[in-house]
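Visitor: Sharing a structure here in structure tokens format.
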There are 2 protein chains.
Amino acid sequence: MRIDQIKKGLEERGLDAVVLRLAENVLLATGYYVQIGGLGLAVVPREGRPALIVPDYEGEEASVPGVEIRTFPAIRLDGPPAGPLIERHLSELIEAAGGTRGRVGYEGSFEAVAPPTLAGEPNAVALPTAALIRSASGGAEIVDFTASLEQIRSIKTDEDIERLTVVNEVAMIGLDAFKRHARPGVTEVGLAAEVEAAILRDGSGHRGARVVRGWATIASGPATASGWQYFRSGTRTIEPDDVVMIELGTVADGYWADHTRTVVAGTPTAQQRAAFDAARGSLAASFEAAVPDATGDAADTAAREFCRAAGFEQFPHHTGHGTGFRYHETRPAILPGSDAVIEAGMVIACEPGIYEEGLGGFRWEDNAVVTATGARPLATSDYGVD
Amino acid sequence: MRIDQIKKGLEERGLDAVVLRLAENVLLATGYYVQIGGLGLAVVPREGRPALIVPDYEGEEASVPGVEIRTFPAIRLDGPPAGPLIERHLSELIEAAGGTRGRVGYEGSFEAVAPPTLAGEPNAVALPTAALIRSASGGAEIVDFTASLEQIRSIKTDEDIERLTVVNEVAMIGLDAFKRHARPGVTEVGLAAEVEAAILRDGSGHRGARVVRGWATIASGPATASGWQYFRSGTRTIEPDDVVMIELGTVADGYWADHTRTVVAGTPTAQQRAAFDAARGSLAASFEAAVPDATGDAADTAAREFCRAAGFEQFPHHTGHGTGFRYHETRPAILPGSDAVIEAGMVIACEPGIYEEGLGGFRWEDNAVVTATGARPLATSDYGVD
């Protein structure tokens with residue numbers, strides 16, 4: 001189905017084929033999450049079978065129904081060099097697609113790319129890949145296919161939803177660890193370490209997940225009042241009755257989740273409890289408003305109005321965004337004035353927050369799939385502010 | 001000094017200025033490690049003062065002697081939009097550098113980029129940044145400055161060496177945790193979690209380090225014989241006398257380290273002990289051969305010859321590579337046939353390994369700075385194979 005959508009995009013743009021090199025888009029097109037980004041390429045022709053080019057040690061694992069697998073030696077230097085082999089594969093596949101001296105698409109405008117999941121660099125697509133495709137196609141016109149890919153990615157398939165549910169469940173393991181360990185005497189980095197360890201140790205293997213990782217960031221105490229910024233964990237020790245906020249990114253096999261929780265490490269004041277409830281209520285309101293054909297502005301407005309009715313002001317950062325093939329997808333933008341149209345099957349992350357000096361910051365974020373009756377959270381935690 | 005090197009590069013290439021957007025190159029030019037890659041840009045003119053453009057909430061922290069700071073509102077939506085403000089800053093800075101209708105450099109060919117350190121996407125430089133610079137300069141010619149940057153990065157300053165020593169020391173915290181926890185009954189992912197937690201919890205704040213993170217990957221048992229591949233941690237439980245290998249990436253404030261250790265969770269055989277000794281001896285031999293003016297081939301050959309003399313064959317993956325501003329820097333390549341010239345001040349990671357069915361895989365990797373008498377490790381661990 002994905003392949004058909006991509007083929008339709010190629011048709012619309014008058015392209016013979018698209019060459020995909022970002023791990024996230026190879027996953028999109030083939031369902032296979034390559035080990036080393038950049039060393040796995042997919043070619044989708046306008047007609048015929050897509051192909052996946054991977055290192056030979058990944059050949060067996062990469063077997064995907066309906067996808068031609070081609071391999072090349074990587075890392076080991078006792079065979080032919082990888083570069084020319086990759087180019088030959090590309091050349092043959094592009095020629096078979098009729099792309100030589102035609103038009104070939106590529107990922108020209110991806111400047112935010114999914115993080116890597118192993119200790120290696122993420123790969124980007126810049127001049128060298130454009131030159132490689134140009135060379136492999138014997139001079140085809142290279143066309144930026146980014147907008148089409150972003151559009152195709154924004155609507156998730158049933159298989160995507162299933163895999164995003166898995167990563168959301170894994171995230172809950174981390175968020176439960178956060179709740180357990182957010183206690184006076186723990187440092188912010190110590191708390192982050194507990195959360196990430198729980199995800200890696202207990203989330204790996206969850207419903208078959210093979211590559212699992214969490215990125216936790218903790219803010220605590222008065223600093224949470226500026227928690228709308230992109231904060232980092234510090235060595236501060238959590239004190240009794242501190243507000244503690246976590247921003248958590250989680251990945252399982254190339255599918256991403258984006259969460260926030262806020263708790264009080266002790267007893268919240270009545271006003272803090274009210275702020276917490278308002279943030280959670282705003283989140284629910286944004287999900288309820290995220291029905292097919294609603295605009296991003298409508299879902300944003302629903303969150304802000306709930307907040308205001310509860311006596312608080314939601315901070316003017318966005319209410320939410322698409323998520324899935326990385327933390328932040330470009331569609332739909334859920335913020336004031338956004339005319340992005342929300343569609344069934346989109347997965348969104350909403351994160352309304354209230355930040356006040358003296359009170360602290362309260363934000364809560366879940367990921368949800370858009371259905372006819374609103375956005376349904378893919379997983380939830382069952383704890384409160386204290 | 002960095003700035004002078006970059007200015008010299010601009011002179012050589014006939015450029016008026018270079019615009020840097022990758023967090024790793026902004027760090028290179030200004031010493032400042034931005035929080036959100038892509039939201040911090042540096043402009044280095046051929047003459048005059050460099051500038052750093054960052055979100056307003058980072059303005060104070062980003063204060064760097066000799067660097068002009070400019071800010072724009074980010075994340076919050078209650079001010080003017082960030083995009084046009086960034087472009088206006090760029091436009092003014094490029095004009096002041098004489099770059100309008102001249103030639104402006106950019107990072108056109110960075111396809112391996114440093115991972116992110118927070119739960120957000122790493123940024124890449126592709127068509128949108130090229131278009132932004134073109135627009136901000138009113139039509140200057142945009143020139144790929146990547147090769148010059150890679151060259152400049154390859155020789156570390158005293159300040160770089162100091163900061164790389166810090167991250168290597170932090171890595172040792174993780175490698176010591178690896179040694180302590182590599183015991184029968186622990187899963188690979190459980191062991192990786194212990195290592196990463198130790199780095200985050202105990203490495204944060206080490207000699208002032210603010211952003212610290214580790215990426216550990218564990219292989220164990222017979223699978224280590226194919227440990228030359230880019231393996232991933234699994235849910236396998238370590239058994240008595242298993243070979244256990246860790247590949248560890250560590251970052252502290254934008255400086256990276258790359259390590260490998262191998263131990264036996266019990267009692268090694270005589271042959272395993274010999275393989276371990278051969279791998280460590282090969283590493284030492286490659287460091288000894290890494291003197292100024294030696295080639296990458298010479299350092300590689302030294303490792304292989306040591307290994308052969310010890311009765312083993314070093315696997316035909318590279319012996320090593322430059323490191324520092326990300327795990328893998330392009331210079332110098334330490335592999336068979338490499339004519340890359342090793343220079344004083346380069347920081348290299350060498351990682352010879354022996355992999356045999358029945359024996360397992362044995363690899364050891366440290367990072368070292370090239371001096372007149374060979375490469376000196378930036379930090380070491382003091383444990384052996386058992």
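So you can find residues: chains in the structure tokens are A, B, ... in the order shown, residues in each start at 1, and ligands are numbered from 1 in order.
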With only C-alpha atoms as the counted atoms, please give the residues lying no more than 9 Å from A:Cys307, apart from itself and same-chain residues fewer than 2 positions off, as a JSON list (two decimals) with C-alpha atoms, in the first residue's frame.
Guide:
[["chain", "number", "residue", "atom", "x", "y", "z"],
["A", 275, "ALA", "CA", -2.55, 23.41, 36.87],
["A", 278, "ALA", "CA", -5.77, 21.86, 33.43],
["A", 279, "ALA", "CA", -2.80, 20.58, 31.40],
["A", 281, "GLY", "CA", -7.68, 18.39, 30.42],
["A", 282, "SER", "CA", -6.21, 20.55, 27.64],
["A", 302, "ALA", "CA", -9.59, 23.46, 21.92],
["A", 303, "ALA", "CA", -6.55, 22.99, 24.18],
["A", 304, "ARG", "CA", -6.17, 26.70, 24.88],
["A", 305, "GLU", "CA", -9.86, 27.23, 25.58],
["A", 309, "ALA", "CA", -11.71, 27.99, 31.32],
["A", 310, "ALA", "CA", -9.70, 26.32, 34.09],
["A", 311, "GLY", "CA", -8.15, 29.66, 34.98],
["A", 312, "PHE", "CA", -4.74, 29.21, 33.35],
["A", 313, "GLU", "CA", -3.00, 30.32, 30.21],
["A", 314, "GLN", "CA", -1.50, 27.67, 27.93],
["A", 352, "PRO", "CA", -0.09, 21.64, 26.15],
["A", 354, "ILE", "CA", 1.29, 25.80, 31.78]]
Visitor: Tell me which protein, DNA and RNA residues are within 8 Å of B:Pro50, counting only C-alpha atoms, leaving out same-chain ones fewer than 2 positions away, and put them as a VMD selection string.
Guide: chain B and resid 3 42 to 45 48 52 66 to 68
Visitor: Name all residues at most 9 Å from B:Thr250 (count only C-alpha atoms; drop same-chain ones fewer than 2 positions away) and give them as a short mmCIF file (atom, residue, chain, number, x, y, z; two decimals) with N, CA, C and O atoms, in the first residue's frame.
Guide:
data_model
loop_
_atom_site.label_atom_id
_atom_site.label_comp_id
_atom_site.auth_asym_id
_atom_site.auth_seq_id
_atom_site.Cartn_x
_atom_site.Cartn_y
_atom_site.Cartn_z
N ALA A 119 25.43 3.32 18.20
CA ALA A 119 26.48 4.32 18.40
C ALA A 119 27.15 4.62 17.07
O ALA A 119 28.27 4.20 16.81
N VAL B 167 35.84 13.75 27.75
CA VAL B 167 34.86 12.75 27.29
C VAL B 167 35.46 11.34 27.35
O VAL B 167 34.75 10.37 27.64
N ASN B 168 36.77 11.24 27.14
CA ASN B 168 37.39 9.91 27.28
C ASN B 168 37.36 9.45 28.73
O ASN B 168 37.14 8.26 29.01
N VAL B 170 35.05 10.28 30.87
CA VAL B 170 33.66 9.89 31.10
C VAL B 170 33.40 8.49 30.53
O VAL B 170 32.72 7.66 31.15
N ALA B 171 33.97 8.22 29.37
CA ALA B 171 33.80 6.89 28.76
C ALA B 171 34.34 5.80 29.68
O ALA B 171 33.77 4.71 29.77
N GLY B 174 31.94 4.43 32.04
CA GLY B 174 31.08 3.42 31.43
C GLY B 174 31.79 2.09 31.22
O GLY B 174 31.22 1.01 31.44
N ILE B 199 27.24 6.28 32.86
CA ILE B 199 27.79 7.44 32.15
C ILE B 199 26.93 8.68 32.40
O ILE B 199 27.45 9.76 32.73
N VAL B 212 25.99 14.99 28.75
CA VAL B 212 26.74 13.74 28.72
C VAL B 212 25.79 12.59 28.34
O VAL B 212 24.65 12.57 28.80
N ARG B 213 26.27 11.69 27.54
CA ARG B 213 25.42 10.58 27.12
C ARG B 213 26.30 9.45 26.57
O ARG B 213 27.36 9.70 26.00
N GLY B 214 25.86 8.20 26.78
CA GLY B 214 26.58 7.05 26.22
C GLY B 214 25.65 6.20 25.38
O GLY B 214 24.45 6.13 25.65
N TRP B 215 26.21 5.57 24.35
CA TRP B 215 25.48 4.61 23.52
C TRP B 215 26.26 3.30 23.61
O TRP B 215 27.35 3.19 23.04
N ALA B 216 25.75 2.34 24.33
CA ALA B 216 26.45 1.07 24.48
C ALA B 216 25.78 -0.01 23.65
O ALA B 216 24.55 -0.08 23.61
N LEU B 248 31.16 1.24 22.48
CA LEU B 248 30.63 2.36 23.27
C LEU B 248 30.92 3.71 22.62
O LEU B 248 32.07 4.03 22.32
N ALA B 252 30.39 14.30 25.41
CA ALA B 252 30.34 15.30 26.47
C ALA B 252 30.45 16.66 25.80
O ALA B 252 31.48 16.97 25.18
N TYR B 255 31.74 16.78 22.17
CA TYR B 255 32.97 16.05 21.84
C TYR B 255 32.71 14.57 22.04
O TYR B 255 32.10 14.17 23.04
N TRP B 256 33.19 13.75 21.10
CA TRP B 256 32.82 12.35 21.03
C TRP B 256 33.99 11.42 21.27
O TRP B 256 35.13 11.71 20.92
N ALA B 257 33.68 10.26 21.83
CA ALA B 257 34.68 9.21 22.02
C ALA B 257 34.10 7.90 21.51
O ALA B 257 32.89 7.71 21.50
N ASP B 258 34.97 7.00 21.12
CA ASP B 258 34.59 5.75 20.45
C ASP B 258 35.47 4.64 21.03
O ASP B 258 36.68 4.67 20.85
N HIS B 259 34.86 3.70 21.75
CA HIS B 259 35.63 2.67 22.45
C HIS B 259 35.07 1.27 22.22
O HIS B 259 33.87 1.11 21.99
N TYR B 327 31.83 10.60 16.05
CA TYR B 327 32.57 9.36 16.26
C TYR B 327 33.62 9.15 15.17
O TYR B 327 34.76 8.83 15.43
#
Visitor: Write out as a ChimeraX atom specification all residues of stretch 207-348 of chain A that backbone DSSP assigns to helix (DSSP H, G or I).
Guide: /A:207-208,221-226,270-289,296-309
Visitor: Save out the residues we just selected, N, CA and C atoms, as a short mmCIF file (atom, residue, chain, number, x, y, z; two decimals), in the first residue's frame.
Guide:
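Contents of out-v6.cif, as written:
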data_model
loop_
_atom_site.label_atom_id
_atom_site.label_comp_id
_atom_site.auth_asym_id
_atom_site.auth_seq_id
_atom_site.Cartn_x
_atom_site.Cartn_y
_atom_site.Cartn_z
N ARG A 207 6.99 -7.37 22.73
CA ARG A 207 6.27 -7.72 21.50
C ARG A 207 7.24 -7.78 20.30
N GLY A 208 8.40 -8.34 20.56
CA GLY A 208 9.35 -8.58 19.47
C GLY A 208 10.23 -7.41 19.09
N GLY A 221 12.20 21.44 40.08
CA GLY A 221 12.18 22.64 40.90
C GLY A 221 11.74 23.87 40.13
N PRO A 222 12.21 25.04 40.59
CA PRO A 222 11.76 26.30 39.98
C PRO A 222 12.03 26.38 38.48
N ALA A 223 13.08 25.68 38.01
CA ALA A 223 13.43 25.74 36.59
C ALA A 223 12.33 25.22 35.68
N THR A 224 11.40 24.42 36.24
CA THR A 224 10.33 23.91 35.38
C THR A 224 9.43 25.03 34.85
N ALA A 225 9.48 26.19 35.52
CA ALA A 225 8.67 27.31 35.03
C ALA A 225 9.13 27.78 33.65
N SER A 226 10.38 27.48 33.31
CA SER A 226 10.81 27.76 31.93
C SER A 226 10.95 26.45 31.14
N ALA A 270 -2.68 23.33 46.13
CA ALA A 270 -3.98 23.26 45.44
C ALA A 270 -3.84 23.85 44.03
N GLN A 271 -3.06 24.93 43.93
CA GLN A 271 -2.91 25.58 42.64
C GLN A 271 -2.12 24.70 41.66
N GLN A 272 -1.12 23.98 42.18
CA GLN A 272 -0.36 23.07 41.33
C GLN A 272 -1.25 21.93 40.85
N ARG A 273 -2.08 21.45 41.76
CA ARG A 273 -2.99 20.37 41.36
C ARG A 273 -3.95 20.85 40.28
N ALA A 274 -4.38 22.09 40.43
CA ALA A 274 -5.29 22.65 39.42
C ALA A 274 -4.58 22.81 38.07
N ALA A 275 -3.32 23.24 38.11
CA ALA A 275 -2.55 23.41 36.87
C ALA A 275 -2.34 22.06 36.19
N PHE A 276 -2.02 21.07 36.99
CA PHE A 276 -1.84 19.72 36.46
C PHE A 276 -3.12 19.24 35.77
N ASP A 277 -4.24 19.41 36.46
CA ASP A 277 -5.51 18.99 35.89
C ASP A 277 -5.83 19.77 34.61
N ALA A 278 -5.49 21.04 34.61
CA ALA A 278 -5.77 21.86 33.43
C ALA A 278 -4.94 21.40 32.24
N ALA A 279 -3.67 21.05 32.50
CA ALA A 279 -2.80 20.58 31.40
C ALA A 279 -3.33 19.27 30.83
N ARG A 280 -3.71 18.37 31.72
CA ARG A 280 -4.22 17.08 31.25
C ARG A 280 -5.56 17.26 30.53
N GLY A 281 -6.39 18.14 31.07
CA GLY A 281 -7.68 18.39 30.42
C GLY A 281 -7.49 19.03 29.05
N SER A 282 -6.49 19.90 28.93
CA SER A 282 -6.21 20.55 27.64
C SER A 282 -5.78 19.51 26.62
N LEU A 283 -4.97 18.57 27.08
CA LEU A 283 -4.52 17.50 26.19
C LEU A 283 -5.73 16.72 25.68
N ALA A 284 -6.60 16.33 26.61
CA ALA A 284 -7.79 15.57 26.21
C ALA A 284 -8.64 16.37 25.25
N ALA A 285 -8.75 17.68 25.50
CA ALA A 285 -9.57 18.53 24.63
C ALA A 285 -8.99 18.59 23.22
N SER A 286 -7.64 18.66 23.12
CA SER A 286 -7.02 18.73 21.79
C SER A 286 -7.24 17.41 21.05
N PHE A 287 -7.16 16.30 21.76
CA PHE A 287 -7.40 15.00 21.12
C PHE A 287 -8.86 14.88 20.65
N GLU A 288 -9.75 15.39 21.49
CA GLU A 288 -11.17 15.30 21.14
C GLU A 288 -11.48 16.12 19.89
N ALA A 289 -10.76 17.23 19.77
CA ALA A 289 -11.01 18.11 18.61
C ALA A 289 -10.30 17.64 17.35
N GLY A 296 -5.50 22.11 12.15
CA GLY A 296 -4.56 22.14 13.25
C GLY A 296 -4.91 23.26 14.22
N ASP A 297 -5.38 24.37 13.68
CA ASP A 297 -5.79 25.49 14.52
C ASP A 297 -6.93 25.10 15.45
N ALA A 298 -7.88 24.32 14.95
CA ALA A 298 -9.04 23.93 15.77
C ALA A 298 -8.60 23.08 16.96
N ALA A 299 -7.69 22.15 16.72
CA ALA A 299 -7.22 21.29 17.82
C ALA A 299 -6.41 22.12 18.82
N ASP A 300 -5.65 23.06 18.30
CA ASP A 300 -4.88 23.95 19.18
C ASP A 300 -5.82 24.81 20.03
N THR A 301 -6.81 25.37 19.38
CA THR A 301 -7.76 26.25 20.07
C THR A 301 -8.49 25.50 21.18
N ALA A 302 -8.87 24.25 20.91
CA ALA A 302 -9.59 23.46 21.92
C ALA A 302 -8.75 23.33 23.19
N ALA A 303 -7.43 23.10 23.02
CA ALA A 303 -6.55 22.99 24.18
C ALA A 303 -6.49 24.31 24.94
N ARG A 304 -6.31 25.39 24.22
CA ARG A 304 -6.17 26.70 24.88
C ARG A 304 -7.46 27.12 25.58
N GLU A 305 -8.59 26.82 24.96
CA GLU A 305 -9.86 27.23 25.58
C GLU A 305 -10.12 26.45 26.87
N PHE A 306 -9.78 25.17 26.85
CA PHE A 306 -9.96 24.37 28.07
C PHE A 306 -9.11 24.95 29.19
N CYS A 307 -7.90 25.27 28.83
CA CYS A 307 -6.94 25.80 29.80
C CYS A 307 -7.45 27.11 30.40
N ARG A 308 -7.93 27.97 29.51
CA ARG A 308 -8.41 29.28 29.95
C ARG A 308 -9.62 29.13 30.86
N ALA A 309 -10.51 28.23 30.50
CA ALA A 309 -11.71 27.99 31.32
C ALA A 309 -11.33 27.50 32.71
#
Visitor: Using only C-alpha atoms, determine which residues lie at most 8 Å from A:Thr330, disregarding the query and same-chain residues fewer than 3 positions distant; provide the list as a list in words.
Guide: Glu150, His321, Gly322 and Ala333 of chain A
Visitor: Pull all heavy atoms from the residues just selected and write them as a PDB file, in the first residue's frame.
Guide:
ATOM      1  N   GLU A 150       6.722  13.422   2.780  1.00  0.00           N
ATOM      2  CA  GLU A 150       6.171  13.932   4.044  1.00  0.00           C
ATOM      3  C   GLU A 150       4.657  13.723   4.062  1.00  0.00           C
ATOM      4  O   GLU A 150       4.076  13.384   5.094  1.00  0.00           O
ATOM      5  CB  GLU A 150       6.493  15.425   4.214  1.00  0.00           C
ATOM      6  CG  GLU A 150       7.978  15.746   4.321  1.00  0.00           C
ATOM      7  CD  GLU A 150       8.533  15.597   5.735  1.00  0.00           C
ATOM      8  OE1 GLU A 150       7.922  14.902   6.554  1.00  0.00           O
ATOM      9  OE2 GLU A 150       9.594  16.188   6.006  1.00  0.00           O
ATOM     10  N   HIS A 321       1.984  18.119  17.082  1.00  0.00           N
ATOM     11  CA  HIS A 321       2.624  17.881  15.795  1.00  0.00           C
ATOM     12  C   HIS A 321       2.452  16.411  15.420  1.00  0.00           C
ATOM     13  O   HIS A 321       2.178  15.572  16.292  1.00  0.00           O
ATOM     14  CB  HIS A 321       4.118  18.220  15.890  1.00  0.00           C
ATOM     15  CG  HIS A 321       4.823  17.519  17.023  1.00  0.00           C
ATOM     16  ND1 HIS A 321       5.360  16.251  16.902  1.00  0.00           N
ATOM     17  CD2 HIS A 321       5.035  17.880  18.324  1.00  0.00           C
ATOM     18  CE1 HIS A 321       5.891  15.881  18.070  1.00  0.00           C
ATOM     19  NE2 HIS A 321       5.703  16.851  18.954  1.00  0.00           N
ATOM     20  N   GLY A 322       2.656  16.108  14.166  1.00  0.00           N
ATOM     21  CA  GLY A 322       2.662  14.710  13.746  1.00  0.00           C
ATOM     22  C   GLY A 322       3.878  14.002  14.312  1.00  0.00           C
ATOM     23  O   GLY A 322       4.889  14.631  14.652  1.00  0.00           O
ATOM     24  N   ALA A 333       0.652  20.362  11.575  1.00  0.00           N
ATOM     25  CA  ALA A 333       1.088  21.328  12.588  1.00  0.00           C
ATOM     26  C   ALA A 333      -0.134  21.731  13.406  1.00  0.00           C
ATOM     27  O   ALA A 333      -1.124  22.205  12.843  1.00  0.00           O
ATOM     28  CB  ALA A 333       1.706  22.549  11.920  1.00  0.00           C
TER      29      ALA A 333
END
Visitor: Which of these residues is nearest to chain A, using only C-alpha atoms: B:Leu335, B:Ala124, B:Ala198, B:Ala294?
Guide: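 Result for the nearest residue to chain A: B:Ala124.
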Visitor: What lies within 6 Å of A:Leu10 using only C-alpha atoms, ignoring chain neighbours under 4 positions off, as a ChimeraX atom specification?
Guide: /A:14-15,46
Visitor: Could you please take those selected residues and save N, CA and C atoms as a PDB file, in the first residue's frame?
Guide:
ATOM      1  N   GLY A  14       5.720  13.101 -12.325  1.00  0.00           N
ATOM      2  CA  GLY A  14       6.387  12.791 -13.592  1.00  0.00           C
ATOM      3  C   GLY A  14       7.777  12.215 -13.394  1.00  0.00           C
ATOM      4  N   LEU A  15       7.924  11.347 -12.371  1.00  0.00           N
ATOM      5  CA  LEU A  15       9.229  10.754 -12.074  1.00  0.00           C
ATOM      6  C   LEU A  15       9.238   9.277 -12.452  1.00  0.00           C
ATOM      7  N   ARG A  46       8.385   3.683 -10.807  1.00  0.00           N
ATOM      8  CA  ARG A  46       6.973   4.036 -11.002  1.00  0.00           C
ATOM      9  C   ARG A  46       6.164   2.792 -11.330  1.00  0.00           C
TER      10      ARG A  46
END
Visitor: For the structure I just gave you, how does DSSP split stretch 112-320 of chain B - specifically, which residues are strand (DSSP E or B)? Reply as a PyMOL selection string.
Guide: chain B and resi 112+123+141-144+155+187+212-220+237+242-252+255-265+295+320
Visitor: Need the shell around stretch 230-245 of chain B: protein/DNA/RNA residues with any atom at most 6 Å away, counting only C-alpha atoms. Skip same-chain ones fewer than 5 positions apart. Format as a PDB file with C-alpha atoms, in the first residue's frame?
Guide:
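Output contents, as saved in selection-v7.pdb:
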ATOM      1  CA  PRO B 184      26.649 -14.514  33.829  1.00  0.00           C
ATOM      2  CA  GLY B 185      22.919 -13.977  34.289  1.00  0.00           C
ATOM      3  CA  VAL B 186      22.832 -10.431  32.913  1.00  0.00           C
ATOM      4  CA  THR B 187      21.197  -9.803  29.542  1.00  0.00           C
ATOM      5  CA  GLU B 188      22.989  -7.888  26.811  1.00  0.00           C
ATOM      6  CA  VAL B 189      20.466  -5.054  27.008  1.00  0.00           C
ATOM      7  CA  THR B 217      26.046  -1.972  22.287  1.00  0.00           C
ATOM      8  CA  ILE B 218      26.753  -5.439  23.655  1.00  0.00           C
ATOM      9  CA  ALA B 219      27.407  -8.730  21.896  1.00  0.00           C
ATOM     10  CA  SER B 220      27.982 -11.955  23.812  1.00  0.00           C
ATOM     11  CA  GLY B 221      28.822 -15.590  23.303  1.00  0.00           C
ATOM     12  CA  ARG B 261      36.309  -3.598  25.157  1.00  0.00           C
ATOM     13  CA  THR B 262      36.145  -7.382  25.263  1.00  0.00           C
ATOM     14  CA  VAL B 263      36.145  -9.523  28.397  1.00  0.00           C
ATOM     15  CA  VAL B 264      35.356 -13.102  29.279  1.00  0.00           C
ATOM     16  CA  ALA B 265      32.594 -13.592  31.867  1.00  0.00           C
ATOM     17  CA  GLY B 266      34.510 -16.324  33.639  1.00  0.00           C
ATOM     18  CA  THR B 267      37.704 -18.072  32.667  1.00  0.00           C
TER      19      THR B 267
END
Visitor: Using only C-alpha atoms, which of B:Val166, B:Leu27, B:Ala96, B:Val125 sits nearest chain A?
Guide: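 Going through B:Val166, B:Leu27, B:Ala96, B:Val125 one by one, the smallest distance to chain A is for B:Val125.
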Visitor: Report the distance between atom CA of B:Ala114 and atom CA of B:Ser148 in Å, rounded to one decimal place.
Guide: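 The value is 17.7 Å.
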Visitor: For chain A, which of B:Ile86, B:Ala112, B:Leu359, B:Leu175 is the closest residue, counting only C-alpha atoms?
Guide: B:Ala112
Visitor: Could you check which of A:Ala192, A:Leu93, A:Leu28, A:Val54 is closest to chain B, using only C-alpha atoms?
Guide: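 When distances to chain B are compared using only C-alpha atoms, the smallest one comes from A:Ala192.
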Visitor: Can you pull out the residues contacting stretch 104-108 of chain A? Cut-off 6 Å, using only C-alpha atoms, and skip same-chain residues under 6 positions away; I want them as a list in words.
Guide: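 So the residues in contact are Leu15, Asp16, Ala17, Val18, Val19, Ile142, Val143, Asp144, Phe145 and Thr146 of chain A; Leu127 of chain B.
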Visitor: Mind pulling up the distance from atom CA of A:Pro55 to atom CA of A:Ile75?
Guide: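 So the two atoms, atom CA of A:Ile75 and atom CA of A:Pro55, lie 8.6 Å apart.
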Visitor: To one decimal place, how far is atom CA of B:Ile173 from atom CA of A:Arg183 in Å?
Guide: 24.8 Å
Visitor: Could you tell me which of A:Ala375, A:Leu41, A:Val341, A:Val113 comes closest to chain B if we count only C-alpha atoms?
Guide: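 Looking at the shortest contact to chain B, the residue is A:Val113.
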Visitor: Restricting the calculation to only C-alpha atoms, which member of B:Gly59, B:Pro377, B:Gly205, B:Gly98 is positioned closest to chain A?
Guide: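 Closest to chain A, using only C-alpha atoms: B:Gly205.
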